[in-house]
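To start, the structure itself, in structure tokens.
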Amino acid sequence: MPEPVLSIKNIEAGYTPSLPILRGVSLDVFEGEIVTILGPNGAGKSTLIKAIAGLVKISSGTVSLEGRDITGLATHELIRERVAYVPQSENVFARLSVEENLALGTLHNPTQHASQRRRVLDLFPDLEHLGHLAAGKLSGGQRQMVAVGRALMAAPKLLMVDEPSAGLSPKLAQVVFAQLVQVKQTGVTILMVEQNARAALQISDRGYVMAEGQEKVHGAAASLLENPEVGALYLGAKSRMARS
Amino acid sequence: MEGGLSFLIFFLIFASFYSLSSLGLNLQWGFTGLFNVGIVGFFAIGAYTSAILTGPPYADTLFGGFGLWFPLGFVGAMVTSGVAAFIVGFVTLRLREDFLAISTFGIAVSIQLVALNFESLTRGPNGMYSLPRPLAGYFDSSTLDNLLYLIMCLLIIAGVYWAFERMVRSPWGRVLRSIRDDEIAAAALGKNVFAVRLQSFVVGSAVMGLAGALYANFIGFISPLDFIPIFTFQVFVMLIVGGSGNNLGALLGGLVVWGLWSGSDQLIASILPPTIQTQAAAARIVLIGFVLAVMLLYRPEGILRERRIVSREARLPNRE
Amino acid sequence: MIQFVADGIVNAALIALGAIGLSMTYNILRFANFAQGEILTIGAYFTLLVLGVLGFGIGAMGPVAFGWPLLASIVVAVGTTSIIVLIVDWLLFRQLRDKNASRITFIMAAFGVSLMGRNLITLVAGGEPKYFDFYIPKTFELLPGMKVRPDDLAIVAIAVIAFIILFAFMNRTSMGRQMRAVAENPTLARINGIDVRAVIRWTWIIGASLATIAGALLAHNTQLRPEMGFDMLLPMFAALILGGANNLYGTILGAIVVGLTEALAVYVGLSGYRAAVTFLVMIAFLMVRPQGILGEKE
């Protein structure tokens with residue numbers, strides 16, 4: 001078995017040590033995969049990505065990148081490890097132009113700016129003519145392109161995307177997912193968090209289902225789509241919410 | 001002996017002006033988290049209001065010199081400083097907290113300019129003199145006169161202290177602290193955050209105004225030079241040292257810091273040659289600033305920590 | 001009548017130079033720096049010190065009553081003032097950042113630094129006013145009814161050059177982009193690998209450099225006093241708020257409004273109330289448009 005690009009072993013993490021949100025989560029992402037983390041609201045999906053990115057404190061467990069331990073890495077060092085991260089909201093610099101947003105993606109590989117910019121614009125041709133506009137003036141879908149494009153400028157090995165379809169129409173969401181498949185085809189490994197389970201699993205290789213801060217089920221994307229346990233986890237969360 | 005006692009009384013009267021201001025600041029900063037950079041401004045408004053209301057008429061002013069009974073001067077002082085606080089608070093309390101700081105600073109600067117330049121009201125740099133001293137003349141000795149004034153100050157402080165303690169323990173006080181600790185959560189609970197902050201700010205500033213009135217009527221002479229930014233700084237150091245969020249700490253801080261301050265004054269005056277006394281006074285401020293910085297960094301809770309005031313029903317059940 | 005416009009513009013240039021640093025700490029370090037005035041003062045006193053060491057006086061450039069000795073001294077003072085400011089940040093503000101202190105703690109600390117700075121200057125340089133050099137100000141009529149001094153024109157020119165360099169830096173260099181990124185979204189900035197510590201250093205350096213220029217030119221026009229910068233603090237804050245706190249162009253626009261307002265106040269005989277008039281304008285503006293002329297709502 002090849003070494004995973006990203007390997008998470010049994011991490012506990014949260015905003016205060018006394019109240020961990022993640023309670024022993026393990027996960028592996030292999031090269032060239034799209035792996036999706038699913039689960040009901042409050043399952044800790046976004047917290048997991050934030051913990052990897054150093055935005056939430058990890059109290060135990062390890063995160064390793066291609067075998068190297070990067071647990072507790074400072075957020076600003078992540079990009080040097082060639083891990084790019086697209087947060088769910090406020091993921092572009094609204095007052096900076098599209099070109100400036102892209103340029104900020106290559107702080108640690110400035111010599112690659114021209115080639116990476118070409119790659120990104122080939123992937124998102126719509127951005128070509130928006131270069132001088134402030135990113136805040138763009139539509140939701142265009143903004144998502146800028147956010148992903150900015151992340152790709154760093155020529156990452158691993159791209160982490162938090163809910164790329166949030167706030168988009170189903171049609172636009174499909175476009176974004178199709179673009180992620182194209183990103184994968186350029187050799188980037190993707191770890192994604194999604195609410196939109198069906199659409200996300202359709203483009204994923206594997207998936208992990210989380211609930212209550214723990215990883216409950218994982219497997220190939222196709223098998224998860226048919227797994228009754230997954231439905232139960234969602235339904236369980238829904239019926240609890242309905243009761244409360 | 002008489003000299004020592006009279007000095008002690010004099011010292012305590014001054015300490016009470018500071019302690020009262022510190023108490024007012026505690027309501028704003030300690031309990032509500034509002035940063036007032038213009039304490040001296042509200043103090044000055046109170047002092048001038050009382051001087052105009054209770055003072056004698058002057059030949060060169062157009063307005064004032066009403067010679068009113070002193071409690072009316074005190075009440076007037078609280079009203080005017082409260083109104084000034086209301087205006088500034090109403091405009092800025094909805095905005096980022098820096099704006100309140102900047103605006104209170106603006107109040108202090110502007111009041112200084114009005115005091116200095118609006119001569120037909122304040123007599124400008126000449127100052128207002130011969131202000132009547134309340135409760136004076138009942139005794140032959142000025143020490144006893146001062147003692148009586150001190151008792152009045154202490155009664156006023158006790159009254160304000162009692163009122164503040166009741167206020168912060170009331171449901172209103174709980175809202176204050178919840179705003180200070182988490183404004184968004186308090187807003188989510190449906191509390192009118194703006195109104196409560198404004199109330200706290202106005203009441204705190206009115207108490208500073210009252211302190212200014214007590215000062216003006218005790219000293220009997222005020223001029224713009226009495227109201228400089230160092231006063232704001234002193235009161236802040238007092239509250240931080242005493243322990244913000246603790247009313248007793250606010251009073252204690254006033255006493256302790258004023259003791260150190262006036263003690264070092266005496267020391268500078270007695271051991272240093274007059275030629276370098278200006279420098280020594282400056283060095284002292286640098287030293288006090290250093291103490292504040294160290295307190296902010298290493299013991300932000302002050303001498304007396306904030307007491308936890310949690311009623312039983314307000315306590316959260318343990319989460320699993 | 002239009003004389004006040006000339007006076008106001010010179011005033012505005014000095015306020016704007018000082019207020020840029022205020023705007024930068026406000027947006028990047030996220031607190032109102034009450035010690036900004038003292039940076040101007042320290043810059044002016046360092047300039048005086050270097051002038052004394054050089055011993056050439058302040059020089060002259062044609063009709064302008066200062067020349068290369070003053071300009072060279074300002075350049076040296078820019079360096080020393082920046083170092084002092086970085087040391088204060090390292091000793092105090094950096095530690096507050098590490099402790100995740102509240103914004104108000106920063107403001108209070110800055111207020112303390114302001115007072116300490118003022119008194120430290122009094123301690124070292126004395127409290128009495130000082131002058132760079134003796135010169136006889138000349139005036140000429142630029143427009144009918146508008147008398148200006150060549151020095152004033154030079155001051156405005158220096159300010160304009162400084163702003164051109166500033167905006168080129170902010171818009172065309174990587175560090176400038178990084179500074180704007182941190183101002184807008186610090187978390188996303190860190191995700192992009194921006195070293196926030198470097199951004200903070202540049203924030204202080206730029207603010208201190210422009211403040212030093214402001215302080216030195218103000219001192220040339222008037223005199224050096226330990227309170228000279230502190231007296232500029234309210235106009236600088238007003239410029240920041242009027243123009244829109246999160247917009248550097250707005251800060252300059254705000255400074256022009258404040259400069260003209262103050263000059264108008266002097267013109268109509270309210271010279272004693274300059275700062276108070278500014279304050280009233282600021283409060284009125286906050287009521288109507290709290291985000292300022294060019295600012296965006298936060």
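Note on naming: chains are A, B, ... as they come in the structure tokens, residues start from 1 per chain, ligands start from 1 in the order shown.
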* Using only C-alpha atoms, determine which residues of chain A fall within 12 Å of chain C; present them as a PyMOL selection string. => chain A and resi 50+52-56+73-97+99-110+136+147-148+150-154+156+159-160
* Proximal residues of chain A relative to chain B (only C-alpha atoms; 12 Å) as a list of chain:residue names -> A:Ser18, A:Leu19, A:Pro20
How would the residues just picked look written out with N, CA and C atoms as a PDB file, in the first residue's frame?
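Below is the file that was written, part26.pdb:
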```
ATOM      1  N   SER A  18     -11.061  21.560  27.419  1.00  0.00           N
ATOM      2  CA  SER A  18     -12.028  20.800  28.209  1.00  0.00           C
ATOM      3  C   SER A  18     -13.215  20.330  27.373  1.00  0.00           C
ATOM      4  N   LEU A  19     -13.382  20.939  26.192  1.00  0.00           N
ATOM      5  CA  LEU A  19     -14.560  20.595  25.403  1.00  0.00           C
ATOM      6  C   LEU A  19     -14.135  20.257  23.969  1.00  0.00           C
ATOM      7  N   PRO A  20     -13.512  19.090  23.766  1.00  0.00           N
ATOM      8  CA  PRO A  20     -13.046  18.761  22.419  1.00  0.00           C
ATOM      9  C   PRO A  20     -14.224  18.583  21.473  1.00  0.00           C
TER      10      PRO A  20
END
```
Interface rows for chain B against chain C: nearest pair, Å to one decimal, 6 Å, only C-alpha atoms, as JSON lines:
```
{"residue": "B:Val91", "atom": "CA", "partner": "C:Met287", "partner_atom": "CA", "distance": 5.7}
{"residue": "B:Asp98", "atom": "CA", "partner": "C:Ala32", "partner_atom": "CA", "distance": 5.8}
{"residue": "B:Gly106", "atom": "CA", "partner": "C:Phe279", "partner_atom": "CA", "distance": 5.9}
{"residue": "B:Ser110", "atom": "CA", "partner": "C:Ala276", "partner_atom": "CA", "distance": 4.5}
{"residue": "B:Leu113", "atom": "CA", "partner": "C:Tyr273", "partner_atom": "CA", "distance": 5.9}
{"residue": "B:Gln279", "atom": "CA", "partner": "C:Leu123", "partner_atom": "CA", "distance": 4.9}
{"residue": "B:Ala282", "atom": "CA", "partner": "C:Asn119", "partner_atom": "CA", "distance": 4.8}
{"residue": "B:Val286", "atom": "CA", "partner": "C:Met116", "partner_atom": "CA", "distance": 4.6}
{"residue": "B:Gly289", "atom": "CA", "partner": "C:Gly112", "partner_atom": "CA", "distance": 5.5}
```
* What are the DSSP alpha helix (DSSP H) residues of chain A, as a ChimeraX atom specification? -> /A:45-52,98-103,113-123,140-152,170-185,197-203,221-226,228-243
* Please identify all polymer residues within 9 Å of segment 57-64 of chain A, counting only C-alpha atoms, omitting same-chain residues fewer than 4 positions from it, and present them as number ranges by chain. => A: 4-17, 20, 22, 24-26, 50-52, 68-72
* Near-Leu251 of chain B list (9 Å; only C-alpha atoms; drop same-chain fewer than 4 positions) as a PyMOL selection string -> chain B and resi 15-16+18-20+22-23+157+161+238-239+242+246-247+255-256
* Asked: Within 8 Å of Asn217 of chain B, counting only C-alpha atoms, which residues qualify if same-chain residues fewer than 5 places away don't, as a list in words?
  ->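 Result of the neighbour search: Ala47, Ser50, Ala51, Leu131, Pro132, Arg133 and Pro134 of chain B.
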* Apply DSSP to the structure's backbone, then extract all residues of segment 27-107 of chain A labelled strand (DSSP E or B) and return them as a count of residues only. => 24
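Computed from the coordinates, the atom CA of Ala84 of chain B to atom CA of Gly209 of chain B distance equals 10.2 Å.
Atom pair atom CA of Ile111 of chain B / atom CA of Leu53 of chain B: separated by 17.4 Å.
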* Tell me which protein, DNA and RNA residues are within 10 Å of Ala162 of chain C, counting only C-alpha atoms, leaving out same-chain ones fewer than 6 positions away, and put them as a list in words. =>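 The residues satisfying every condition are Leu17, Val156, Ala168, Ser209, Leu210 and Ile213 of chain C.
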What does the file look like for those residues with N, CA, C and O atoms, as a PDB file, in the first residue's frame?
```pdb
ATOM      1  N   LEU C  17       0.168  63.169   6.765  1.00  0.00           N
ATOM      2  CA  LEU C  17       1.409  62.415   6.956  1.00  0.00           C
ATOM      3  C   LEU C  17       1.382  61.678   8.293  1.00  0.00           C
ATOM      4  O   LEU C  17       1.819  60.534   8.398  1.00  0.00           O
ATOM      5  N   VAL C 156       4.120  70.842   1.177  1.00  0.00           N
ATOM      6  CA  VAL C 156       3.051  70.141   0.455  1.00  0.00           C
ATOM      7  C   VAL C 156       3.661  69.216  -0.602  1.00  0.00           C
ATOM      8  O   VAL C 156       3.221  68.064  -0.765  1.00  0.00           O
ATOM      9  N   ALA C 168       2.384  53.622  -4.335  1.00  0.00           N
ATOM     10  CA  ALA C 168       3.095  52.700  -5.206  1.00  0.00           C
ATOM     11  C   ALA C 168       3.489  51.466  -4.400  1.00  0.00           C
ATOM     12  O   ALA C 168       3.322  50.326  -4.852  1.00  0.00           O
ATOM     13  N   SER C 209       7.809  56.350   9.701  1.00  0.00           N
ATOM     14  CA  SER C 209       8.561  57.158   8.738  1.00  0.00           C
ATOM     15  C   SER C 209       7.778  58.407   8.358  1.00  0.00           C
ATOM     16  O   SER C 209       8.303  59.531   8.399  1.00  0.00           O
ATOM     17  N   LEU C 210       6.504  58.208   7.991  1.00  0.00           N
ATOM     18  CA  LEU C 210       5.691  59.359   7.602  1.00  0.00           C
ATOM     19  C   LEU C 210       5.479  60.298   8.795  1.00  0.00           C
ATOM     20  O   LEU C 210       5.460  61.518   8.641  1.00  0.00           O
ATOM     21  N   ILE C 213       8.492  62.504   9.238  1.00  0.00           N
ATOM     22  CA  ILE C 213       8.483  63.608   8.278  1.00  0.00           C
ATOM     23  C   ILE C 213       7.503  64.694   8.754  1.00  0.00           C
ATOM     24  O   ILE C 213       7.818  65.882   8.783  1.00  0.00           O
TER      25      ILE C 213
END
```
* Asked: Within 12 Å of segment 262-273 of chain B, counting only C-alpha atoms, which residues qualify if same-chain residues fewer than 4 places away don't, as a list in words?
  ->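 Counting only C-alpha atoms, the residues come to Phe7, Leu8, Phe10, Phe11, Leu12, Phe14, Ala15, Gln234, Gly254, Leu255, Val256, Val257, Trp258, Gln277, Thr278, Gln279, Ala280, Ala281, Ala282, Ala283, Arg284, Ile285, Leu287 and Ile288 of chain B.
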Give one line per residue of segment 129-168 of chain A that approaches segment 192-205 of chain A to at most 7 Å, naming the two atoms of the closest pair and their distance in Å to one decimal, counting only C-alpha atoms; sort by chain then ascending residue number and deliver it as JSON lines.
```
{"residue": "A:Met160", "atom": "CA", "partner": "A:Met192", "partner_atom": "CA", "distance": 5.7}
{"residue": "A:Val161", "atom": "CA", "partner": "A:Met192", "partner_atom": "CA", "distance": 4.7}
{"residue": "A:Asp162", "atom": "CA", "partner": "A:Val193", "partner_atom": "CA", "distance": 4.9}
{"residue": "A:Glu163", "atom": "CA", "partner": "A:Glu194", "partner_atom": "CA", "distance": 4.7}
```
Output C-alpha atoms for every residue in that selection, as a PDB file, in the first residue's frame.
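Output file part_28.pdb is given in full below:
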```pdb
ATOM      1  CA  MET A 160      -8.475  21.249   1.221  1.00  0.00           C
ATOM      2  CA  VAL A 161     -11.869  22.733   0.336  1.00  0.00           C
ATOM      3  CA  ASP A 162     -14.544  23.524   2.909  1.00  0.00           C
ATOM      4  CA  GLU A 163     -18.066  23.266   1.466  1.00  0.00           C
TER       5      GLU A 163
END
```
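Residue nearest Ile158 of chain C, chosen from C:Val5, C:Ile136, C:Val257, C:Leu71 and counting only C-alpha atoms: C:Leu71.
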